[in-house]
Amino acid sequence: MRRTKEDAAKTRQSVIDAALRLFSTRGYSGTTFRAIAEEAGCSRGPIYWHFANKQELFEEILAYSQRPLEALVVSDLDLNDPIATARSFADEWLGLLISDHYFRQSFEIFLNKTEFTEDMASTIERERALTQSLVANFKKLVVAYREGSGSTTFATPADVAAVSMYAYLMGLTQSWLFNPDILDLATHKASVVARLEEMLKAV
């Protein structure tokens with residue numbers, strides 16, 4: 001029977017869903033194409049049809065968390081209202097973490113389930129570039145806030161404030177993914193965002 005595009009798309013998604021589950025429980029090194037095929041209920045052939053190797057499939061899994069963050073990076077920054085812009089950024093980040101299963105599980109795999117071996121070179125470089133872009137955006141917001149405040153004296157360098165904002169969101173994300181019971185993130189999201197605003201205003 002000839003496979004339709006719809007059949008192929010369903011198979012591809014079932015492979016991705018199976019890989020998400022296995023990378024989450026076994027990590028990258030402990031997951032094989034054979035195991036993914038068994039989890040997805042298919043042979044390895046359809047997997048190789050869609051993905052040349054495990055690294056390519058892994059990159060597709062990570063894209064579920066990286067693409068939304070990359071989209072936030074390239075979105076227009078309203079430097080006329082840096083506080084509202086920072087608040088909106090953090091609110092969207094946390095909202096994805098709370099409500100988007102693919103974003104959340106992809107992020108968890110990268111932060112808590114990945115062994116950074118030699119074949120992870122392209123993944124690491126992409127993450128470094130994303131990190132630099134996020135920090136650069138935070139710095140733009142810090143600088144814009146300071147320029148609009150009328151004050152010329154700030155004890156905390158803008159670079160430090162920007163890295164602190166990034167580290168705060170990433171640290172909270174990693175800790176919460178590792179153990180969601182440490183904080184009811186949905187309930188306390190506004191407080192988390194408010195703390196980020198304090199870092200933006202750091203003097």
# chains A, B, ... in the order shown; residues from 1 in each chain; ligands from 1
>>> residues_around(residues="region 54-71 of chain A", least_positions_apart="5", cutoff="8 Å", atoms="only C-alpha atoms", output="list of chain:residue names")
A:Ile16, A:Ala19, A:Leu20, A:Tyr28, A:Thr32, A:Phe33, A:Trp93, A:Tyr102, A:Phe103, A:Arg104, A:Ser106, A:Phe107, A:Ile109, A:Phe110, A:Asp119, A:Met120, A:Thr123, A:Leu130
>>> write_last_selection(atoms="N, CA and C atoms", output="CSV table (one decimal), in the first residue's frame")
chain,number,residue,atom,x,y,z
A,16,ILE,N,9.1,11.1,16.8
A,16,ILE,CA,9.5,12.2,17.7
A,16,ILE,C,9.0,12.1,19.1
A,19,ALA,N,11.0,9.4,20.8
A,19,ALA,CA,12.3,9.8,21.1
A,19,ALA,C,12.3,10.8,22.3
A,20,LEU,N,11.3,11.6,22.4
A,20,LEU,CA,11.1,12.5,23.5
A,20,LEU,C,11.0,11.7,24.8
A,28,TYR,N,20.7,10.8,26.1
A,28,TYR,CA,21.1,10.7,24.7
A,28,TYR,C,21.9,9.4,24.4
A,32,THR,N,18.8,4.3,21.6
A,32,THR,CA,19.2,3.8,20.3
A,32,THR,C,18.0,3.9,19.3
A,33,PHE,N,18.3,3.9,18.1
A,33,PHE,CA,17.2,3.8,17.1
A,33,PHE,C,16.4,2.6,17.2
A,93,TRP,N,8.3,33.1,28.3
A,93,TRP,CA,9.3,32.0,28.6
A,93,TRP,C,8.6,31.0,29.6
A,102,TYR,N,5.9,20.0,24.7
A,102,TYR,CA,7.0,19.8,23.9
A,102,TYR,C,8.2,20.7,24.3
A,103,PHE,N,7.9,22.0,24.5
A,103,PHE,CA,8.9,22.9,25.0
A,103,PHE,C,9.5,22.4,26.3
A,104,ARG,N,8.7,22.1,27.2
A,104,ARG,CA,9.1,21.7,28.5
A,104,ARG,C,10.0,20.4,28.5
A,106,SER,N,11.6,19.1,25.9
A,106,SER,CA,12.8,19.3,25.1
A,106,SER,C,13.8,20.0,26.0
A,107,PHE,N,13.4,21.0,26.7
A,107,PHE,CA,14.2,21.8,27.6
A,107,PHE,C,14.8,20.9,28.7
A,109,ILE,N,15.3,17.6,28.6
A,109,ILE,CA,16.3,16.7,28.0
A,109,ILE,C,17.6,17.4,27.8
A,110,PHE,N,17.6,18.7,27.3
A,110,PHE,CA,18.9,19.4,27.1
A,110,PHE,C,19.5,19.7,28.4
A,119,ASP,N,30.2,14.3,19.7
A,119,ASP,CA,29.2,14.4,18.6
A,119,ASP,C,28.2,15.5,19.0
A,120,MET,N,28.3,16.2,20.1
A,120,MET,CA,27.4,17.2,20.5
A,120,MET,C,27.9,18.6,20.1
A,123,THR,N,25.5,21.0,18.5
A,123,THR,CA,24.4,21.4,19.5
A,123,THR,C,25.0,22.4,20.5
A,130,LEU,N,22.8,31.0,21.1
A,130,LEU,CA,21.5,31.4,21.7
A,130,LEU,C,21.7,32.1,23.0
>>> closest_atom_pairs(of="region 77-147 of chain A", to="region 160-172 of chain A", cutoff="7 Å", atoms="only C-alpha atoms", output="tab-separated table")
residue	atom	partner	partner_atom	distance
A:Val135	CA	A:Ala162	CA	5.6
A:Phe138	CA	A:Ala162	CA	4.9
A:Lys139	CA	A:Ala162	CA	4.8
A:Val142	CA	A:Ala162	CA	6.9
>>> atom_distance(atom1="CA of Thr153 (chain A)", atom2="CA of Asn80 (chain A)")
20.1 Å
>>> select_by_dssp(residues="region 55-98 of chain A", states="helix (DSSP H, G or I)", output="PyMOL selection string")
chain A and resi 55-74+82-98
>>> atom_distance(atom1="CA of Ala8 (chain A)", atom2="CA of His50 (chain A)")
8.8 Å
